[in-house]
Amino acid sequence: MLSILKHNFYSKHTTMSKGITSRNEDYSQWYNELVNKADLAEHSAVRGCMVIKPYGYAIWEKMQAALDQMFKDTGHSNAYFPLFIPKSFFSKEASHVEGFATECAVVTHYRLKNDGSGQIVVDEEAKLEEELIVRPTSETIIWNTYKGWIQSYRDLPILVNQWANVVRWEMRTRLFLRTAEFLWQEGHTAHATSQEAVEETERMLNVYATFAEDWMALPVVRGKKTENERFAGALDTYCIEALMQDGKALQAGTSHFLGQNFAKAFDVKFTSKEGKLDYVWATSWGVSTRLMGALIMAHSDDAGLVLPPKLAPIQVVIVPIYKTEEESQQIGALADDLIAQLKQKGISVKYDDRDTQRPGFKFAEWELKGVPVRVAVGARDLQQGTVELARRDKQTKETVSQDGLADTIEQLLSNIQKNIYEKALSYRDTHITEVDSYEEFKKVLEEKGGFIAAHWDGTVETEKRVKEETKATIRCIPLNNKEEEGTCIFTGKPSKQRVLFAKAY
RNA sequence: CGGGGUGUAGCGUAGCCCGGUAUCGCGCCACAUUUGGGAUGUGGAGGUCGUAGGUUCGAAUCCUGCCACCCCGACCA
């Protein structure tokens with residue numbers, strides 16, 4: 001492989017007339033524009049609900065495929081439960097109701113009618129006897145169902161996952177990060193023992209962490225939520241927390257140990273091997289289209305989206321550069337050959353032979369869309385037996401030989417995947433700051449951002465006070481946290497370990 | 001849900017204060033010349049001014065309701 005030139009191709013073209021707002025200028029505007037211009041999603045006619053566009057959905061499908069396989073590899077099966085949940089189910093688990101009551105969409109009628117003047121109105125006579133809640137999550141309907149599935153320890157464990165949409169009536173929404181309706185998966189498992197359920201909770205947390213790191217190239221902290229941040233109805237909530245480029249944390253996945261709360265609420269008992277009747281132990285775990293937001297914010301830059309090769313719908317784009325019909329055909333032949341070789345390696349490739357756009361335009365467009373590798377082929381390359389290979393993550397390009405090109409590209413893709421991860425990891429690691437005083441805490445939060453590792457007295461009151469004063473919350477208590485004597489930065493009371501604070505999405 | 005702001009062609013906008021039928025750029029279409037980093041020229045198409053009412057001879061402009069989006073707060077994955 002020969003490498004004759006290597007340079008940054010943005011050095012002269014930093015002002016992009018049709019570009020997007022830079023991250024420094026306005027991070028949240030940068031995000032909004034990026035989502036729009038990269039064709040990922042847009043606002044719909046319905047308040048708070050988004051349209052996920054084909055290119056964005058293709059990324060979500062890749063996430064789904066990888067996660068689905070991981071769930072199946074850990075023994076889970078998919079199933080589907082109803083969108084609607086009888087209102088009465090919600091009243092059965094007290095803290096669960098409290099957690100979701102304020103953001104539920106409710107169906108009260110089942111018919112429309114013409115009011116006589118051509119207006120379609122709700123038919124007041126078609127009132128539902130019992131209102132239906134559009135699921136904000138499915139624990140209740142699922143545990144109501146599980147009651148019929150479980151009699152004996154022989155029926156356990158039940159390891160079920162569902163891919164679904166859920167609705168949480170949010171007041172402030174942002175594409176992917178927080179929308180009234182979103183897509184997710186929710187795993188719901190039932191176990192004979194507490195220990196088994198706890199193991200399941202941890203297993204799935206690790207699945208999420210592995211997915212985030214291996215596929216999304218997103219380093220995460222595995223941790224446990226404080227009482228304050230815990231899922232409504234859970235005994236323990238585990239989470240993976242990621243750090244975005246603006247220094248704010250984002251919860252990327254959660255896994256809950258539900259104890260026997262839902263089994264008790266829905267009276268789900270089983271007979272053990274010893275012939276004793278006991279309530280079933282439960283877990284639930286989920287990740288959502290919010291991961292799309294995490295993916296975008298973790299890696300992308302001022303030129304657009306940066307996608308890890310493993311999740312990129314298009315991993316390689318080939319752009320021909322020709323003057324004559326003859327050149328076009330020669331490049332086409334070369335491209336066909338390369339496409340065949342790449343496909344054989346399972347690499348997705350697009351040959352952009354549109355003759356309505358010029359090469360420079362295509363370069364910019366595919367960069368905006370985050371395609372990891374670009375191959376440009378022109379007359380010069382035909383003569384020299386080379387192509388121009390550009391990598392999106394570093395925005396560099398080099399001229400390489402056509403010999404063994406498919407192998408070169410395959411290696412480059414895995415190199416990019418690794419580089420993106422390492423870049424994010426190094427940002428994350430340099431943005432976990434240990435502080436020992438409240439003054440320092442506020443200073444770091446304000447000036448640097450990121451995670452702040454500090455001692456905390458373990459009380460909800462302190463956490464709430466800190467949140468009120470600084471907007472930072474305890475993102476998690478990291479798993480395998482080292483024990484360390486210290487004093488709470490806020491109250492000065494004794495503490496045995498540091499927890500991670502941050503401003504969060 | 002509270003405070004503030006915005007809504008004019010696919011996108012970004014001028015006009016609004018002071019009412020008289022909508023400006024400019026990008027994009028789009030056709031043709032020609034172009035094609036190794038977002039091409040150029042010529043010609044052309046495209047607008048119930050977010051929406052529903054009201055005031056008026058006449059409303060993008062003034063008034064009211066509603067809807068959506070953005071920023072800030074409370075809430076949240």
# chains A, B, ... in the order shown; residues from 1 in each chain; ligands from 1
$ residues_around --residues "B:G38" --least-positions-apart "4" --cutoff "7 Å" --atoms "only C-alpha atoms (C1' of nucleotides)" --output "list of chain:residue names"
A:Gly360, A:Phe361, A:Ala364
$ write_last_selection --atoms "N, CA and C atoms" --output "short mmCIF file (atom, residue, chain, number, x, y, z; two decimals), in the first residue's frame"
data_model
loop_
_atom_site.label_atom_id
_atom_site.label_comp_id
_atom_site.auth_asym_id
_atom_site.auth_seq_id
_atom_site.Cartn_x
_atom_site.Cartn_y
_atom_site.Cartn_z
N GLY A 360 -17.56 17.64 -5.39
CA GLY A 360 -17.39 18.40 -4.15
C GLY A 360 -18.66 18.42 -3.31
N PHE A 361 -19.77 18.52 -3.98
CA PHE A 361 -21.06 18.52 -3.30
C PHE A 361 -21.28 17.18 -2.62
N ALA A 364 -19.21 16.72 0.58
CA ALA A 364 -19.78 17.43 1.72
C ALA A 364 -21.03 16.73 2.24
#
$ residues_around --residues "B:C49" --least-positions-apart "4" --cutoff "9 Å" --atoms "only C-alpha atoms (C1' of nucleotides)" --output "count of residues only"
3
$ interface_residues --of "chain A" --to "chain B" --cutoff "7 Å" --atoms "only C-alpha atoms (C1' of nucleotides)" --output "NGL selection string"
:A and (321-323 or 358-361 or 363-364 or 378)
$ write_last_selection --atoms "all heavy atoms" --output "compact mmCIF listing (two decimals), in the first residue's frame"
# COMPACT_ATOMS: atom_id res chain seq x y z
N ILE A 321 -15.13 10.55 -10.34
CA ILE A 321 -14.82 11.88 -10.85
C ILE A 321 -14.38 11.71 -12.30
O ILE A 321 -13.32 11.13 -12.56
CB ILE A 321 -13.71 12.56 -10.02
CG1 ILE A 321 -14.16 12.71 -8.58
CG2 ILE A 321 -13.36 13.91 -10.63
CD1 ILE A 321 -13.05 12.87 -7.59
N TYR A 322 -15.19 12.16 -13.22
CA TYR A 322 -14.89 11.90 -14.63
C TYR A 322 -15.24 13.09 -15.51
O TYR A 322 -16.06 13.93 -15.15
CB TYR A 322 -15.65 10.67 -15.10
CG TYR A 322 -17.15 10.77 -14.89
CD1 TYR A 322 -17.96 11.39 -15.82
CD2 TYR A 322 -17.74 10.24 -13.74
CE1 TYR A 322 -19.33 11.49 -15.63
CE2 TYR A 322 -19.10 10.34 -13.52
CZ TYR A 322 -19.89 10.97 -14.48
OH TYR A 322 -21.24 11.08 -14.28
N LYS A 323 -14.60 13.13 -16.67
CA LYS A 323 -14.91 14.18 -17.64
C LYS A 323 -15.62 13.59 -18.85
O LYS A 323 -16.51 14.20 -19.41
CB LYS A 323 -13.62 14.87 -18.09
CG LYS A 323 -12.99 15.74 -17.02
CD LYS A 323 -11.86 16.59 -17.61
CE LYS A 323 -11.31 17.59 -16.61
NZ LYS A 323 -10.61 16.93 -15.47
N ARG A 358 -22.06 17.50 -8.42
CA ARG A 358 -20.62 17.46 -8.67
C ARG A 358 -19.93 16.82 -7.47
O ARG A 358 -20.49 16.76 -6.38
CB ARG A 358 -20.10 18.87 -8.90
CG ARG A 358 -20.81 19.54 -10.08
CD ARG A 358 -20.52 21.00 -10.17
NE ARG A 358 -19.35 21.28 -10.99
CZ ARG A 358 -18.29 21.92 -10.57
NH1 ARG A 358 -18.22 22.35 -9.32
NH2 ARG A 358 -17.28 22.14 -11.37
N PRO A 359 -18.69 16.37 -7.71
CA PRO A 359 -18.00 15.62 -6.65
C PRO A 359 -17.91 16.37 -5.32
O PRO A 359 -18.16 15.78 -4.26
CB PRO A 359 -16.61 15.39 -7.23
CG PRO A 359 -16.82 15.41 -8.71
CD PRO A 359 -17.92 16.40 -8.95
N GLY A 360 -17.56 17.64 -5.39
CA GLY A 360 -17.39 18.40 -4.15
C GLY A 360 -18.66 18.42 -3.31
O GLY A 360 -18.62 18.31 -2.09
N PHE A 361 -19.77 18.52 -3.98
CA PHE A 361 -21.06 18.52 -3.30
C PHE A 361 -21.28 17.18 -2.62
O PHE A 361 -21.71 17.10 -1.46
CB PHE A 361 -22.17 18.79 -4.32
CG PHE A 361 -23.54 18.82 -3.72
CD1 PHE A 361 -24.10 20.02 -3.27
CD2 PHE A 361 -24.28 17.65 -3.58
CE1 PHE A 361 -25.37 20.04 -2.71
CE2 PHE A 361 -25.54 17.66 -3.03
CZ PHE A 361 -26.09 18.86 -2.58
N PHE A 363 -19.03 15.01 -1.66
CA PHE A 363 -18.11 14.88 -0.52
C PHE A 363 -18.75 15.48 0.73
O PHE A 363 -18.82 14.86 1.79
CB PHE A 363 -16.79 15.60 -0.79
CG PHE A 363 -15.95 15.01 -1.89
CD1 PHE A 363 -14.78 15.63 -2.31
CD2 PHE A 363 -16.33 13.81 -2.49
CE1 PHE A 363 -14.01 15.07 -3.31
CE2 PHE A 363 -15.55 13.25 -3.50
CZ PHE A 363 -14.39 13.89 -3.92
N ALA A 364 -19.21 16.72 0.58
CA ALA A 364 -19.78 17.43 1.72
C ALA A 364 -21.03 16.73 2.24
O ALA A 364 -21.24 16.61 3.45
CB ALA A 364 -20.11 18.87 1.31
N GLY A 378 -10.81 9.02 -9.91
CA GLY A 378 -10.82 9.89 -11.09
C GLY A 378 -9.84 9.40 -12.13
O GLY A 378 -9.22 8.34 -11.97
$ closest_residue --among "A:Ile150, A:Arg203, A:Glu131, A:Gln417" --to "A:Leu277" --atoms "only C-alpha atoms"
A:Ile150
$ residues_around --residues "B:U23" --least-positions-apart "4" --cutoff "12 Å" --atoms "only C-alpha atoms (C1' of nucleotides)" --output "number ranges by chain"
B: 8, 13-15
$ write_last_selection --atoms "N, CA, C and O atoms (P, O5', C5', C4', C3', O3' and C1' of nucleotides)" --output "mmCIF file, in the first residue's frame"
data_model
loop_
_atom_site.group_PDB
_atom_site.id
_atom_site.type_symbol
_atom_site.label_atom_id
_atom_site.label_comp_id
_atom_site.auth_asym_id
_atom_site.auth_seq_id
_atom_site.Cartn_x
_atom_site.Cartn_y
_atom_site.Cartn_z
ATOM 1 P P U B 8 -42.566 31.116 8.252
ATOM 2 O "O5'" U B 8 -43.346 32.230 7.443
ATOM 3 C "C5'" U B 8 -44.620 31.944 6.875
ATOM 4 C "C4'" U B 8 -44.851 32.844 5.705
ATOM 5 C "C3'" U B 8 -43.858 32.703 4.561
ATOM 6 O "O3'" U B 8 -44.160 31.606 3.721
ATOM 7 C "C1'" U B 8 -44.148 34.988 5.064
ATOM 8 P P U B 13 -34.573 32.776 9.649
ATOM 9 O "O5'" U B 13 -34.814 33.784 8.447
ATOM 10 C "C5'" U B 13 -35.164 35.123 8.690
ATOM 11 C "C4'" U B 13 -34.780 35.947 7.496
ATOM 12 C "C3'" U B 13 -35.649 37.188 7.299
ATOM 13 O "O3'" U B 13 -35.148 38.267 8.071
ATOM 14 C "C1'" U B 13 -35.456 36.022 5.240
ATOM 15 P P A B 14 -36.173 39.201 8.805
ATOM 16 O "O5'" A B 14 -36.542 40.197 7.621
ATOM 17 C "C5'" A B 14 -35.517 41.003 7.040
ATOM 18 C "C4'" A B 14 -36.063 41.848 5.924
ATOM 19 C "C3'" A B 14 -37.327 42.642 6.231
ATOM 20 O "O3'" A B 14 -37.071 43.788 7.020
ATOM 21 C "C1'" A B 14 -37.424 41.736 4.053
ATOM 22 P P G B 15 -38.104 44.342 8.058
ATOM 23 O "O5'" G B 15 -39.368 44.576 7.120
ATOM 24 C "C5'" G B 15 -39.456 45.745 6.297
ATOM 25 C "C4'" G B 15 -40.686 45.668 5.434
ATOM 26 C "C3'" G B 15 -42.019 45.759 6.185
ATOM 27 O "O3'" G B 15 -42.393 47.107 6.369
ATOM 28 C "C1'" G B 15 -42.072 43.970 4.609
#
$ select_by_dssp --residues "stretch 159-275 of chain A" --states "strand (DSSP E)" --output "ChimeraX atom specification"
/A:159-167,181-191,221-224,236-243,249-259,269-271
$ atom_distance --atom1 "atom C1' of B:G2" --atom2 "atom CA of A:Glu170"
15.2 Å
$ residues_around --residues "B:G4" --least-positions-apart "4" --cutoff "12 Å" --atoms "only C-alpha atoms (C1' of nucleotides)" --output "list in words"
C70, C71, C72 and G73 of chain B
$ closest_residue --among "A:Gly450, A:Pro219, A:Gly346, A:Gly492" --to "A:Gln245" --atoms "only C-alpha atoms"
A:Gly450
$ residues_around --residues "stretch 100-108 of chain A" --least-positions-apart "2" --cutoff "9 Å" --atoms "only C-alpha atoms (C1' of nucleotides)" --output "list in words"
Phe84, Lys87, Phe90, Ser95, His96, Val97, Glu98, Tyr110, Ala126, Lys127, Leu128, Glu129, Glu130, Glu131, Leu132, Ile133, Val134, Arg135, Pro136, Thr137, Val167, Arg168, Trp169, Glu170, Met171 and Ala232 of chain A; C75 and C76 of chain B
$ write_last_selection --atoms "N, CA, C and O atoms (P, O5', C5', C4', C3', O3' and C1' of nucleotides)" --output "CSV table (one decimal), in the first residue's frame"
chain,number,residue,atom,x,y,z
A,84,PHE,N,-52.4,-0.4,25.0
A,84,PHE,CA,-53.3,0.1,26.0
A,84,PHE,C,-53.3,-0.7,27.3
A,84,PHE,O,-53.3,-1.9,27.3
A,87,LYS,N,-56.8,1.4,33.2
A,87,LYS,CA,-56.4,2.4,34.2
A,87,LYS,C,-56.2,1.8,35.5
A,87,LYS,O,-55.3,2.1,36.3
A,90,PHE,N,-52.8,0.5,36.8
A,90,PHE,CA,-51.9,1.5,37.3
A,90,PHE,C,-51.9,1.7,38.8
A,90,PHE,O,-50.9,2.0,39.4
A,95,SER,N,-45.8,3.3,44.1
A,95,SER,CA,-44.8,4.3,43.7
A,95,SER,C,-44.7,4.3,42.1
A,95,SER,O,-44.3,5.3,41.6
A,96,HIS,N,-45.1,3.2,41.5
A,96,HIS,CA,-45.2,3.2,40.0
A,96,HIS,C,-46.2,4.2,39.5
A,96,HIS,O,-45.9,5.0,38.6
A,97,VAL,N,-47.4,4.2,40.1
A,97,VAL,CA,-48.4,5.2,39.7
A,97,VAL,C,-47.9,6.6,39.9
A,97,VAL,O,-48.0,7.4,39.0
A,98,GLU,N,-47.3,6.8,41.0
A,98,GLU,CA,-46.8,8.2,41.3
A,98,GLU,C,-45.8,8.6,40.3
A,98,GLU,O,-45.8,9.8,39.9
A,110,TYR,N,-64.3,5.8,22.2
A,110,TYR,CA,-64.0,4.8,21.2
A,110,TYR,C,-64.7,5.1,19.8
A,110,TYR,O,-64.7,4.3,19.0
A,126,ALA,N,-70.0,7.4,23.3
A,126,ALA,CA,-69.1,6.3,23.2
A,126,ALA,C,-68.0,6.4,24.2
A,126,ALA,O,-66.8,6.4,23.9
A,127,LYS,N,-68.4,6.6,25.5
A,127,LYS,CA,-67.4,6.7,26.5
A,127,LYS,C,-67.0,5.3,27.0
A,127,LYS,O,-67.8,4.4,27.2
A,128,LEU,N,-65.7,5.1,27.2
A,128,LEU,CA,-65.2,3.8,27.7
A,128,LEU,C,-65.6,3.6,29.1
A,128,LEU,O,-65.5,4.6,29.9
A,129,GLU,N,-66.0,2.4,29.5
A,129,GLU,CA,-66.4,2.1,30.9
A,129,GLU,C,-65.1,2.3,31.7
A,129,GLU,O,-65.2,2.9,32.8
A,130,GLU,N,-64.0,1.8,31.3
A,130,GLU,CA,-62.8,2.0,32.0
A,130,GLU,C,-61.8,2.7,31.0
A,130,GLU,O,-61.5,2.1,29.9
A,131,GLU,N,-61.2,3.8,31.4
A,131,GLU,CA,-60.3,4.5,30.5
A,131,GLU,C,-59.0,3.6,30.3
A,131,GLU,O,-58.7,2.8,31.1
A,132,LEU,N,-58.4,3.8,29.1
A,132,LEU,CA,-57.2,3.1,28.8
A,132,LEU,C,-56.0,4.0,28.8
A,132,LEU,O,-56.1,5.2,28.3
A,133,ILE,N,-54.9,3.6,29.4
A,133,ILE,CA,-53.7,4.4,29.4
A,133,ILE,C,-52.8,3.9,28.2
A,133,ILE,O,-52.7,2.7,28.0
A,134,VAL,N,-52.3,4.9,27.5
A,134,VAL,CA,-51.3,4.5,26.5
A,134,VAL,C,-50.0,4.2,27.2
A,134,VAL,O,-49.6,5.1,28.0
A,135,ARG,N,-49.5,3.0,27.0
A,135,ARG,CA,-48.4,2.6,27.9
A,135,ARG,C,-47.2,3.6,28.0
A,135,ARG,O,-46.7,4.0,26.9
A,136,PRO,N,-46.8,4.0,29.2
A,136,PRO,CA,-45.6,4.7,29.3
A,136,PRO,C,-44.4,3.7,29.6
A,136,PRO,O,-43.3,4.0,29.5
A,137,THR,N,-44.8,2.5,29.9
A,137,THR,CA,-44.0,1.3,30.1
A,137,THR,C,-44.9,0.2,30.4
A,137,THR,O,-46.1,0.5,30.7
A,167,VAL,N,-45.4,6.0,25.3
A,167,VAL,CA,-45.8,7.5,25.3
A,167,VAL,C,-45.6,8.0,26.7
A,167,VAL,O,-46.2,7.5,27.7
A,168,ARG,N,-44.9,9.1,26.8
A,168,ARG,CA,-44.8,9.8,28.0
A,168,ARG,C,-45.0,11.3,27.7
A,168,ARG,O,-44.2,11.8,26.9
A,169,TRP,N,-46.0,11.9,28.2
A,169,TRP,CA,-46.4,13.2,27.8
A,169,TRP,C,-45.5,14.3,28.3
A,169,TRP,O,-45.7,14.9,29.3
A,170,GLU,N,-44.4,14.5,27.6
A,170,GLU,CA,-43.4,15.4,28.0
A,170,GLU,C,-43.7,16.8,27.6
A,170,GLU,O,-44.3,17.1,26.6
A,171,MET,N,-43.4,17.8,28.5
A,171,MET,CA,-43.6,19.2,28.2
A,171,MET,C,-42.6,19.7,27.3
A,171,MET,O,-42.9,20.5,26.4
A,232,ALA,N,-39.6,4.2,39.2
A,232,ALA,CA,-40.7,4.1,40.1
A,232,ALA,C,-41.2,2.7,40.2
A,232,ALA,O,-41.8,2.1,39.2
B,75,C,P,-38.6,19.6,39.5
B,75,C,O5',-39.5,18.8,38.4
B,75,C,C5',-40.7,18.3,38.8
B,75,C,C4',-41.3,17.5,37.7
B,75,C,C3',-40.4,16.3,37.2
B,75,C,O3',-40.6,15.2,38.0
B,75,C,C1',-41.2,17.6,35.3
B,76,C,P,-39.3,14.2,38.1
B,76,C,O5',-39.1,13.6,36.6
B,76,C,C5',-39.7,12.4,36.2
B,76,C,C4',-39.6,12.3,34.7
B,76,C,C3',-38.4,11.6,34.2
B,76,C,O3',-38.5,10.2,34.2
B,76,C,C1',-38.7,13.6,33.0
$ residues_around --residues "A:Lys273" --least-positions-apart "6" --cutoff "9 Å" --atoms "only C-alpha atoms (C1' of nucleotides)" --output "count of residues only"
3
$ residues_around --residues "A:His76" --least-positions-apart "4" --cutoff "10 Å" --atoms "only C-alpha atoms (C1' of nucleotides)" --output "ChimeraX atom specification"
/A:68-72,158-162,187-189
$ select_by_dssp --residues "stretch 40-229 of chain A" --states "alpha helix (DSSP H)" --output "VMD selection string"
chain A and resid 54 to 73 87 to 90 94 to 100 139 to 149 194 to 214
$ atom_distance --atom1 "atom CA of A:Lys503" --atom2 "atom CA of A:Lys443"
13.2 Å
$ closest_residue --among "A:Asp403, A:Glu202, A:Asp337, A:Glu410" --to "A:Val373" --atoms "only C-alpha atoms"
A:Glu410
